[in-house]
>>> print(open('protein03.csv').read())   # CSV, C-alpha atoms
chain,number,residue,atom,x,y,z
A,1,MET,CA,95.7,84.5,78.8
A,2,ARG,CA,96.3,87.6,76.8
A,3,ARG,CA,95.0,89.8,79.6
A,4,ASP,CA,97.4,88.1,82.0
A,5,TRP,CA,100.5,89.0,80.1
A,6,TRP,CA,101.6,91.3,82.9
A,7,LYS,CA,101.7,88.5,85.4
A,8,TRP,CA,104.2,86.7,83.2
A,9,PHE,CA,106.1,89.9,82.9
A,10,LEU,CA,106.1,90.4,86.7
A,11,GLY,CA,107.4,86.9,87.2
A,12,ILE,CA,110.3,87.5,84.9
A,13,TRP,CA,110.8,91.0,86.3
A,14,MET,CA,111.0,89.8,89.9
A,15,THR,CA,113.4,87.0,89.0
A,16,LEU,CA,115.6,89.5,87.3
A,17,MET,CA,115.5,91.8,90.4
A,18,ILE,CA,116.4,88.9,92.7
A,19,LEU,CA,119.3,87.8,90.5
A,20,GLY,CA,120.3,91.5,90.2
A,21,ALA,CA,120.2,92.0,93.9
A,22,PHE,CA,122.5,89.0,94.5
A,23,LEU,CA,124.7,89.0,91.4
A,24,TYR,CA,124.7,92.3,89.7
A,25,THR,CA,124.9,95.0,92.5
A,26,PRO,CA,128.0,95.7,94.5
A,27,VAL,CA,128.0,95.6,98.2
A,28,ALA,CA,127.9,99.0,100.0
A,29,LYS,CA,130.8,100.3,102.0
A,30,GLY,CA,130.3,99.3,105.7
A,31,LEU,CA,127.3,97.1,105.0
A,32,GLY,CA,128.9,94.1,103.4
A,33,GLU,CA,126.7,91.4,102.0
A,34,THR,CA,123.8,92.7,104.1
A,35,THR,CA,123.4,95.5,101.5
A,36,ARG,CA,121.2,93.1,99.6
A,37,VAL,CA,118.4,93.4,102.2
A,38,LEU,CA,117.9,96.9,100.9
A,39,TYR,CA,116.2,95.7,97.7
A,40,PHE,CA,113.5,93.9,99.7
A,41,HIS,CA,113.3,95.9,103.0
A,42,VAL,CA,112.6,99.3,101.5
A,43,PRO,CA,110.1,98.1,98.8
A,44,ALA,CA,108.2,96.2,101.6
A,45,ALA,CA,108.0,99.4,103.6
A,46,TRP,CA,106.9,101.3,100.5
A,47,VAL,CA,104.1,98.8,99.7
A,48,ALA,CA,102.9,98.9,103.3
A,49,THR,CA,102.6,102.7,103.2
A,50,LEU,CA,100.9,102.6,99.8
A,51,SER,CA,98.4,99.9,100.8
A,52,PHE,CA,97.3,101.8,103.9
A,53,LEU,CA,96.8,104.9,101.7
A,54,ILE,CA,94.7,102.8,99.3
A,55,SER,CA,92.7,101.4,102.3
A,56,ALA,CA,92.0,105.0,103.5
A,57,VAL,CA,91.0,106.1,100.0
A,58,TYR,CA,88.5,103.2,99.5
A,59,SER,CA,87.2,103.9,103.1
A,60,ILE,CA,86.4,107.5,102.1
A,61,ARG,CA,84.7,106.2,99.0
A,62,TYR,CA,82.7,103.7,101.1
A,63,LEU,CA,81.5,106.5,103.4
A,64,GLN,CA,80.4,108.5,100.3
A,65,LYS,CA,78.7,105.7,98.4
A,66,GLN,CA,77.8,103.1,101.0
A,67,GLN,CA,78.6,100.3,98.6
A,68,ILE,CA,80.1,97.1,100.1
A,69,GLN,CA,82.7,96.6,97.3
A,70,TYR,CA,84.6,99.7,98.6
A,71,ASP,CA,84.8,98.1,102.0
A,72,VAL,CA,86.2,94.9,100.5
A,73,TRP,CA,88.9,96.9,98.7
A,74,ALA,CA,89.7,98.9,101.9
A,75,ALA,CA,89.9,95.8,104.1
A,76,SER,CA,91.9,93.7,101.6
A,77,SER,CA,94.4,96.5,101.1
A,78,ALA,CA,94.9,96.9,104.8
A,79,GLN,CA,95.5,93.2,105.2
A,80,ILE,CA,98.1,93.0,102.5
A,81,GLY,CA,99.7,96.2,104.0
A,82,PHE,CA,99.9,94.5,107.4
A,83,ILE,CA,101.8,91.6,105.9
A,84,PHE,CA,104.2,93.9,104.2
A,85,THR,CA,104.7,95.9,107.4
A,86,ILE,CA,105.6,92.7,109.2
A,87,LEU,CA,108.0,91.9,106.4
A,88,ALA,CA,109.7,95.3,106.7
A,89,THR,CA,109.9,94.9,110.5
A,90,VAL,CA,111.4,91.4,110.3
A,91,THR,CA,113.9,92.2,107.5
A,92,GLY,CA,114.8,95.4,109.4
A,93,SER,CA,115.4,93.6,112.6
A,94,ILE,CA,117.7,91.0,111.0
A,95,TRP,CA,119.6,93.8,109.3
A,96,ALA,CA,119.8,95.7,112.5
A,97,LYS,CA,121.3,92.7,114.2
A,98,GLU,CA,124.1,92.6,111.7
A,99,ILE,CA,124.9,96.3,111.4
A,100,TRP,CA,123.7,97.9,114.7
A,101,HIS,CA,124.4,94.7,116.7
A,102,SER,CA,120.9,94.6,118.2
A,103,TYR,CA,117.7,92.9,116.9
A,104,TRP,CA,115.5,95.4,118.7
A,105,ASN,CA,116.6,98.6,120.5
A,106,TRP,CA,113.4,100.7,120.4
A,107,ASP,CA,115.1,103.0,118.0
A,108,PRO,CA,112.6,105.7,116.7
A,109,ARG,CA,112.2,103.8,113.5
A,110,GLU,CA,111.6,100.5,115.3
A,111,THR,CA,109.2,102.2,117.7
A,112,SER,CA,107.2,103.9,115.0
A,113,ILE,CA,106.7,100.7,112.9
A,114,PHE,CA,105.7,98.9,116.1
A,115,VAL,CA,103.0,101.6,116.8
A,116,LEU,CA,101.9,101.2,113.1
A,117,LEU,CA,101.5,97.5,113.6
A,118,LEU,CA,99.4,98.1,116.7
A,119,ILE,CA,97.2,100.6,115.0
A,120,TYR,CA,96.4,98.3,112.1
A,121,ALA,CA,96.0,95.2,114.4
A,122,ALA,CA,93.3,97.2,116.1
A,123,TYR,CA,91.6,97.8,112.7
A,124,PHE,CA,91.3,94.0,112.2
A,125,ALA,CA,90.2,93.6,115.8
A,126,LEU,CA,87.5,96.2,115.2
A,127,ARG,CA,86.4,94.4,112.0
A,128,SER,CA,86.1,91.0,113.6
A,129,ALA,CA,84.2,92.5,116.6
A,130,ILE,CA,81.2,93.6,114.5
A,131,GLU,CA,78.7,91.2,113.0
A,132,ASP,CA,76.5,93.5,110.9
A,133,THR,CA,78.1,94.0,107.5
A,134,ASN,CA,77.1,97.6,107.0
A,135,GLN,CA,77.9,98.7,110.5
A,136,LYS,CA,81.3,96.9,110.3
A,137,ALA,CA,82.1,98.6,107.0
A,138,ARG,CA,81.1,102.1,108.3
A,139,LEU,CA,83.1,101.9,111.5
A,140,ALA,CA,86.0,100.2,109.9
A,141,ALA,CA,86.1,103.0,107.2
A,142,VAL,CA,86.1,105.7,109.8
A,143,TYR,CA,88.9,103.9,111.7
A,144,SER,CA,90.9,103.3,108.6
A,145,ILE,CA,90.9,107.0,107.8
A,146,LEU,CA,91.9,107.9,111.3
A,147,ALA,CA,94.6,105.3,111.3
A,148,PHE,CA,96.0,106.6,108.1
A,149,VAL,CA,96.3,110.1,109.6
A,150,THR,CA,99.2,108.7,111.8
A,151,VAL,CA,101.0,107.0,108.8
A,152,PRO,CA,102.8,110.1,107.5
A,153,PHE,CA,103.9,110.9,111.0
A,154,LEU,CA,105.1,107.4,111.8
A,155,VAL,CA,106.7,106.7,108.4
A,156,PHE,CA,108.0,110.1,107.4
A,157,VAL,CA,108.0,112.7,110.2
A,158,ILE,CA,109.3,110.8,113.2
A,159,PRO,CA,112.5,109.3,111.6
A,160,ARG,CA,113.3,112.9,110.4
A,161,ILE,CA,112.8,114.6,113.8
A,162,TYR,CA,114.5,112.1,116.0
A,163,ASP,CA,118.1,111.0,115.9
A,164,SER,CA,118.0,107.4,114.8
A,165,LEU,CA,120.4,104.6,113.9
A,166,HIS,CA,118.4,104.1,110.8
A,167,PRO,CA,120.1,105.6,107.7
A,168,ASP,CA,118.9,108.9,106.4
A,169,PRO,CA,115.7,108.5,104.4
A,170,LEU,CA,116.5,108.1,100.7
A,171,ILE,CA,114.5,111.2,99.9
A,172,ASN,CA,116.5,113.6,102.0
A,173,PRO,CA,116.7,117.4,102.3
A,174,GLU,CA,119.4,117.6,99.6
A,175,VAL,CA,117.1,115.7,97.3
A,176,LYS,CA,119.9,113.5,96.2
A,177,ILE,CA,119.8,109.7,96.2
A,178,LYS,CA,123.3,108.8,97.4
A,179,MET,CA,123.5,105.4,95.7
A,180,ASP,CA,125.7,103.6,93.3
A,181,PRO,CA,124.1,103.6,89.9
A,182,ARG,CA,124.0,99.8,89.7
A,183,MET,CA,122.4,99.6,93.1
A,184,LEU,CA,119.9,102.3,92.2
A,185,ARG,CA,118.8,100.4,89.1
A,186,VAL,CA,118.0,97.3,91.0
A,187,PHE,CA,116.5,99.3,93.8
A,188,LEU,CA,114.1,101.2,91.6
A,189,GLY,CA,113.3,98.0,89.6
A,190,SER,CA,112.5,96.2,92.8
A,191,LEU,CA,110.2,99.1,94.0
A,192,PHE,CA,108.3,98.8,90.7
A,193,GLY,CA,108.1,95.0,91.0
A,194,PHE,CA,106.9,95.1,94.6
A,195,THR,CA,104.2,97.7,93.6
A,196,LEU,CA,102.9,95.5,90.8
A,197,LEU,CA,103.1,92.4,93.0
A,198,PHE,CA,100.9,94.3,95.6
A,199,TYR,CA,98.4,95.1,92.9
A,200,TRP,CA,98.2,91.5,91.9
A,201,MET,CA,97.8,90.4,95.5
A,202,LEU,CA,95.1,93.0,96.0
A,203,ARG,CA,93.2,91.8,92.9
A,204,ILE,CA,93.3,88.1,94.1
A,205,LYS,CA,92.3,89.0,97.6
A,206,THR,CA,89.3,91.2,96.5
A,207,ASP,CA,88.2,88.6,93.9
A,208,ILE,CA,88.1,86.0,96.7
A,209,GLU,CA,86.1,88.3,98.9
A,210,PHE,CA,83.6,89.1,96.1
A,211,LEU,CA,83.1,85.4,95.5
A,212,LYS,CA,82.5,84.8,99.2
A,213,LEU,CA,79.9,87.6,99.2
A,214,LYS,CA,78.2,86.1,96.2
A,215,LEU,CA,78.1,82.7,97.9
A,216,THR,CA,76.6,84.0,101.1
A,217,LYS,CA,73.9,85.9,99.2
A,218,ARG,CA,72.9,82.7,97.3
A,219,MET,CA,72.6,80.6,100.5
B,1,MET,CA,76.4,116.8,106.5
B,2,ARG,CA,78.5,119.8,107.7
B,3,PRO,CA,78.6,119.3,111.4
B,4,LYS,CA,79.7,115.7,110.7
B,5,TYR,CA,82.8,116.9,108.8
B,6,ILE,CA,83.6,119.4,111.4
B,7,ILE,CA,83.5,116.8,114.2
B,8,GLY,CA,85.5,114.4,112.0
B,9,VAL,CA,88.3,117.0,111.4
B,10,GLY,CA,88.1,117.9,115.1
B,11,ILE,CA,88.7,114.3,116.2
B,12,ILE,CA,91.6,114.0,113.7
B,13,LEU,CA,93.2,117.2,115.1
B,14,VAL,CA,92.9,116.1,118.7
B,15,PHE,CA,94.4,112.7,117.7
B,16,ILE,CA,97.4,114.4,116.1
B,17,ALA,CA,97.9,116.7,119.1
B,18,PHE,CA,97.7,113.8,121.5
B,19,ALA,CA,100.2,111.8,119.5
B,20,GLY,CA,102.5,114.8,119.2
B,21,LEU,CA,102.5,115.6,122.9
B,22,LYS,CA,102.2,112.3,124.6
B,23,LEU,CA,104.6,110.3,122.5
B,24,LYS,CA,107.3,112.9,122.1
B,25,GLN,CA,109.6,111.4,124.7
B,26,SER,CA,108.7,107.8,124.1
B,27,PHE,CA,110.0,107.7,120.6
B,28,THR,CA,113.7,107.8,121.3
B,29,PRO,CA,115.8,105.8,123.8
B,30,TYR,CA,118.9,108.0,123.3
B,31,VAL,CA,119.9,110.6,126.0
B,32,SER,CA,122.8,113.0,126.4
B,33,LEU,CA,125.7,112.3,128.7
B,34,GLN,CA,124.4,114.9,131.1
B,35,GLU,CA,121.2,112.9,131.5
B,36,ALA,CA,123.3,109.7,132.0
B,37,LYS,CA,125.3,111.5,134.8
B,38,ARG,CA,122.1,112.7,136.4
B,39,THR,CA,120.3,109.4,136.5
B,40,GLY,CA,123.3,107.2,137.1
B,41,GLY,CA,121.3,104.2,135.7
B,42,VAL,CA,121.5,102.3,132.5
B,43,VAL,CA,120.9,104.5,129.6
B,44,GLN,CA,121.7,104.8,125.9
B,45,VAL,CA,124.1,107.6,124.9
B,46,LYS,CA,124.4,108.4,121.2
B,47,GLY,CA,127.3,110.3,119.7
B,48,THR,CA,130.3,110.1,117.4
B,49,ARG,CA,133.6,108.3,118.2
B,50,ILE,CA,136.8,110.2,118.3
B,51,PRO,CA,139.1,108.5,115.8
B,52,GLY,CA,142.5,107.4,117.2
B,53,SER,CA,141.3,107.3,120.8
B,54,GLU,CA,140.7,103.5,120.7
B,55,LYS,CA,142.7,101.3,123.1
B,56,TYR,CA,142.4,97.7,124.1
B,57,ASP,CA,143.2,96.5,127.6
B,58,TYR,CA,144.0,92.8,127.1
B,59,GLN,CA,144.3,92.1,130.8
B,60,LYS,CA,141.0,93.6,131.9
B,61,LYS,CA,139.5,92.6,128.5
B,62,VAL,CA,138.0,96.0,127.9
B,63,PHE,CA,137.8,98.2,124.8
B,64,ILE,CA,138.3,101.8,125.7
B,65,PHE,CA,137.6,104.8,123.4
B,66,GLU,CA,136.4,108.4,123.6
B,67,MET,CA,133.2,109.7,122.1
B,68,GLN,CA,131.4,112.9,121.9
B,69,ASP,CA,127.6,113.0,122.6
B,70,THR,CA,125.1,115.1,120.5
B,71,SER,CA,125.5,118.1,122.8
B,72,GLY,CA,129.3,118.1,122.2
B,73,GLU,CA,130.5,116.6,125.5
B,74,VAL,CA,133.5,114.3,125.2
B,75,PHE,CA,133.8,111.3,127.5
B,76,LYS,CA,135.6,108.0,127.9
B,77,VAL,CA,133.7,104.8,127.2
B,78,VAL,CA,134.9,101.5,128.7
B,79,TYR,CA,133.3,98.6,126.9
B,80,HIS,CA,133.3,95.2,128.4
B,81,GLY,CA,133.6,93.1,125.3
B,82,VAL,CA,135.2,92.7,121.9
B,83,LYS,CA,135.3,95.7,119.6
B,84,PRO,CA,132.4,95.5,117.0
B,85,SER,CA,133.7,94.5,113.6
B,86,ASN,CA,132.3,97.6,111.8
B,87,PHE,CA,133.4,100.0,114.5
B,88,GLU,CA,135.8,101.9,112.2
B,89,GLN,CA,133.1,102.6,109.7
B,90,ALA,CA,130.7,103.9,112.4
B,91,MET,CA,129.2,107.3,111.6
B,92,GLU,CA,127.7,107.2,115.1
B,93,VAL,CA,127.9,105.0,118.1
B,94,VAL,CA,125.3,104.2,120.8
B,95,ALA,CA,126.8,103.1,124.1
B,96,ILE,CA,124.4,101.3,126.4
B,97,GLY,CA,125.4,101.3,130.0
B,98,ALA,CA,125.9,103.6,133.0
B,99,TYR,CA,128.1,106.5,134.0
B,100,LYS,CA,130.3,105.5,136.9
B,101,ASN,CA,133.4,107.2,138.4
B,102,GLY,CA,134.1,109.5,135.5
B,103,VAL,CA,133.8,106.9,132.7
B,104,PHE,CA,130.9,105.5,130.8
B,105,GLU,CA,130.8,101.7,131.5
B,106,ALA,CA,129.1,100.2,128.4
B,107,ASN,CA,127.8,96.6,128.2
B,108,GLN,CA,126.7,97.1,124.6
B,109,LEU,CA,127.7,99.1,121.6
B,110,LEU,CA,125.4,99.9,118.7
B,111,ILE,CA,126.8,101.1,115.4
B,112,LYS,CA,125.3,103.5,112.8
B,113,CYS,CA,126.7,103.0,109.3
B,114,PRO,CA,127.0,105.6,106.7
B,115,SER,CA,123.9,105.8,104.4
B,116,LYS,CA,125.7,106.5,101.2
B,117,TYR,CA,125.2,103.1,99.5
B,118,GLN,CA,128.4,103.5,97.6
B,119,ALA,CA,130.3,100.5,96.2
B,120,GLU,CA,133.0,99.1,98.4
B,121,GLU,CA,135.8,99.4,95.8
B,122,SER,CA,135.4,103.2,95.4
B,123,LYS,CA,137.6,104.9,97.9
B,124,GLY,CA,135.5,107.9,98.9
B,125,VAL,CA,136.4,110.0,101.9
B,126,GLN,CA,134.1,109.3,104.8
B,127,SER,CA,132.6,112.1,106.6
>>> encode(input="protein03.csv", output="structure tokens")
Amino acid sequence: MRRDWWKWFLGIWMTLMILGAFLYTPVAKGLGETTRVLYFHVPAAWVATLSFLISAVYSIRYLQKQQIQYDVWAASSAQIGFIFTILATVTGSIWAKEIWHSYWNWDPRETSIFVLLLIYAAYFALRSAIEDTNQKARLAAVYSILAFVTVPFLVFVIPRIYDSLHPDPLINPEVKIKMDPRMLRVFLGSLFGFTLLFYWMLRIKTDIEFLKLKLTKRM
Amino acid sequence: MRPKYIIGVGIILVFIAFAGLKLKQSFTPYVSLQEAKRTGGVVQVKGTRIPGSEKYDYQKKVFIFEMQDTSGEVFKVVYHGVKPSNFEQAMEVVAIGAYKNGVFEANQLLIKCPSKYQAEESKGVQS
């Protein structure tokens, strides 16, 4: 119970962020009520990027140490990342319908996230195609590292090179976050909350996988 | 161990080069007006609207306005539909349609909104 204090903290924190997103923050000019998608869409995309990075880092560690727990971390992180990528895509698409007047237009941002989904879908296809645990872990680790090479391009480079309907990235050349202070507070709070939520999800997922491993060894 | 790393880095570099070269064109659906004139088919032209050029023809049920594409060319857009609600706030407009008889006949308009995230009540000057 004592060690789990942060889970209670996260529950209260996320509740505050949701209330803040709907009740405390003003709506942005030109975006109307859809502004509130911001506090969930961007953190989802952030967590997706972070999780793929963590997957690649644990993949490197697996290749160095050849210990199965690193593979479990890498795979679990990629799985959660995939869910958050889908969340970012769906929330983005709904938002695009309201503001751009199109659910899907193959805008550079839409195309790049679609390619990202395909790349990580192939990672899971690869994992499910190999029976031998060690071989699976080794090949998946190599693939995860290769896949992550594309992430900075798809997430950061392409939207900056191509002219897109997507708003300028929040971290822009002028290094100024153009946001109302109330909005910024909830936005940063939500980023923090999502990150902690991701950590919790990753812990649960890896715990389950370790239990599964223990059970199969005993049988 | 060394050749392994070299091969690994090599594969990564080839992968980046491939992605860079092959996907360059595929990542954007937007073309210039010149391209629209050349192909004559349905394309997406992105640009800025010219404020004050908007007109509505109630009989033909068309919304007409002028816009300037990213290369600076100004042209007339005839949109068969109702003016999008957030048209006035548009930083940029994407007209989807074809260039015919000196005008761009659009079937769909997409709107890019300012990315300032400022509260609605503050009356800032829009760029």
>>> atom_distance(input="protein03.csv", atom1="CA of Ile60 in chain A", atom2="CA of Pro43 in chain A")
25.7 Å
>>> residues_around(input="protein03.csv", residues="range 38-44 of chain B", least_positions_apart="6", cutoff="7 Å", atoms="only C-alpha atoms", output="number ranges by chain")
B: 29-31, 94-99
>>> closest_atom_pairs(input="protein03.csv", of="chain A", to="chain B", cutoff="8 Å", atoms="only C-alpha atoms", output="CSV")
residue,atom,partner,partner_atom,distance
A:Pro26,CA,B:Ala119,CA,5.6
A:Val27,CA,B:Ala119,CA,5.8
A:Ala28,CA,B:Ala119,CA,4.7
A:Lys29,CA,B:Glu120,CA,4.4
A:Gly30,CA,B:Gln89,CA,5.9
A:Leu31,CA,B:Cys113,CA,7.3
A:Ile99,CA,B:Ile111,CA,6.5
A:Trp100,CA,B:Ile111,CA,4.5
A:His101,CA,B:Leu110,CA,5.7
A:Ser102,CA,B:Leu110,CA,7.0
A:Asn105,CA,B:Pro29,CA,8.0
A:Trp106,CA,B:Pro29,CA,6.6
A:Asp107,CA,B:Thr28,CA,6.0
A:Pro108,CA,B:Phe27,CA,5.1
A:Thr111,CA,B:Phe27,CA,6.3
A:Ser112,CA,B:Phe27,CA,7.3
A:Leu146,CA,B:Ile12,CA,6.6
A:Val149,CA,B:Ile12,CA,7.4
A:Thr150,CA,B:Ile16,CA,7.4
A:Tyr162,CA,B:Thr28,CA,6.9
A:Asp163,CA,B:Thr28,CA,7.7
A:Ser164,CA,B:Thr28,CA,7.8
A:Leu165,CA,B:Lys112,CA,5.1
A:His166,CA,B:Lys112,CA,7.2
A:Pro167,CA,B:Ser115,CA,5.0
A:Asp168,CA,B:Ser115,CA,6.2
A:Lys178,CA,B:Lys116,CA,5.0
A:Met179,CA,B:Tyr117,CA,4.8
A:Asp180,CA,B:Gln118,CA,5.1
A:Met183,CA,B:Tyr117,CA,7.8
>>> residues_around(input="protein03.csv", residues="Phe187 in chain A", least_positions_apart="2", cutoff="10 Å", atoms="all atoms listed in the file", output="PDB file with C-alpha atoms, keeping the file's coordinate frame")
ATOM      1  CA  MET A  17     115.500  91.800  90.400  1.00  0.00           C
ATOM      2  CA  GLY A  20     120.300  91.500  90.200  1.00  0.00           C
ATOM      3  CA  ALA A  21     120.200  92.000  93.900  1.00  0.00           C
ATOM      4  CA  THR A  25     124.900  95.000  92.500  1.00  0.00           C
ATOM      5  CA  ARG A  36     121.200  93.100  99.600  1.00  0.00           C
ATOM      6  CA  LEU A  38     117.900  96.900 100.900  1.00  0.00           C
ATOM      7  CA  TYR A  39     116.200  95.700  97.700  1.00  0.00           C
ATOM      8  CA  PHE A  40     113.500  93.900  99.700  1.00  0.00           C
ATOM      9  CA  VAL A  42     112.600  99.300 101.500  1.00  0.00           C
ATOM     10  CA  PRO A  43     110.100  98.100  98.800  1.00  0.00           C
ATOM     11  CA  MET A 179     123.500 105.400  95.700  1.00  0.00           C
ATOM     12  CA  PRO A 181     124.100 103.600  89.900  1.00  0.00           C
ATOM     13  CA  ARG A 182     124.000  99.800  89.700  1.00  0.00           C
ATOM     14  CA  MET A 183     122.400  99.600  93.100  1.00  0.00           C
ATOM     15  CA  LEU A 184     119.900 102.300  92.200  1.00  0.00           C
ATOM     16  CA  ARG A 185     118.800 100.400  89.100  1.00  0.00           C
ATOM     17  CA  GLY A 189     113.300  98.000  89.600  1.00  0.00           C
ATOM     18  CA  SER A 190     112.500  96.200  92.800  1.00  0.00           C
ATOM     19  CA  LEU A 191     110.200  99.100  94.000  1.00  0.00           C
ATOM     20  CA  PHE A 192     108.300  98.800  90.700  1.00  0.00           C
ATOM     21  CA  GLY A 193     108.100  95.000  91.000  1.00  0.00           C
TER      22      GLY A 193
END
>>> closest_residue(input="protein03.csv", among="A:Trp8, A:Trp13, A:Phe148, A:Phe84", to="Tyr58 in chain A", atoms="only C-alpha atoms")
A:Phe148
>>> residues_around(input="protein03.csv", residues="Glu73 in chain B", least_positions_apart="3", cutoff="10 Å", atoms="all atoms listed in the file", output="PyMOL selection string")
chain B and resi 32-34+47+67-70
>>> residues_around(input="protein03.csv", residues="range 70-79 of chain A", least_positions_apart="5", cutoff="6 Å", atoms="all atoms listed in the file", output="list in words")
Ser51, Phe52, Ser55, Tyr58, Ser59, Tyr62 and Ala137 of chain A
>>> write_last_selection(input="protein03.csv", atoms="C-alpha atoms", output="PDB file, in the coordinates of the input")
ATOM      1  CA  SER A  51      98.400  99.900 100.800  1.00  0.00           C
ATOM      2  CA  PHE A  52      97.300 101.800 103.900  1.00  0.00           C
ATOM      3  CA  SER A  55      92.700 101.400 102.300  1.00  0.00           C
ATOM      4  CA  TYR A  58      88.500 103.200  99.500  1.00  0.00           C
ATOM      5  CA  SER A  59      87.200 103.900 103.100  1.00  0.00           C
ATOM      6  CA  TYR A  62      82.700 103.700 101.100  1.00  0.00           C
ATOM      7  CA  ALA A 137      82.100  98.600 107.000  1.00  0.00           C
TER       8      ALA A 137
END
>>> closest_residue(input="protein03.csv", among="A:Ala147, A:Gln69, A:Trp104, A:Ile158", to="Leu211 in chain A", atoms="only C-alpha atoms")
A:Gln69
>>> atom_distance(input="protein03.csv", atom1="CA of Gln64 in chain A", atom2="CA of Arg138 in chain A")
10.3 Å
>>> atom_distance(input="protein03.csv", atom1="CA of Thr15 in chain A", atom2="CA of Leu196 in chain A")
13.6 Å
>>> closest_residue(input="protein03.csv", among="B:Phe63, B:Phe75, B:Phe18, B:Tyr5", to="Arg49 in chain B", atoms="only C-alpha atoms")
B:Phe75
>>> residues_around(input="protein03.csv", residues="range 76-78 of chain B", least_positions_apart="3", cutoff="7 Å", atoms="all atoms listed in the file", output="PyMOL selection string")
chain B and resi 62-67+103-106
>>> closest_residue(input="protein03.csv", among="A:Ala56, A:Leu16, A:Ile113, A:Leu188", to="Ile145 in chain A", atoms="all atoms listed in the file")
A:Ala56
>>> closest_residue(input="protein03.csv", among="A:Leu50, A:Leu63, A:Ala45, A:Ile68", to="Thr85 in chain A", atoms="only C-alpha atoms")
A:Ala45
>>> residues_near_point(input="protein03.csv", point="(99.7, 96.1, 110.1)", cutoff="6 Å", atoms="all atoms listed in the file", output="ChimeraX atom specification")
/A:82,85,117,120-121
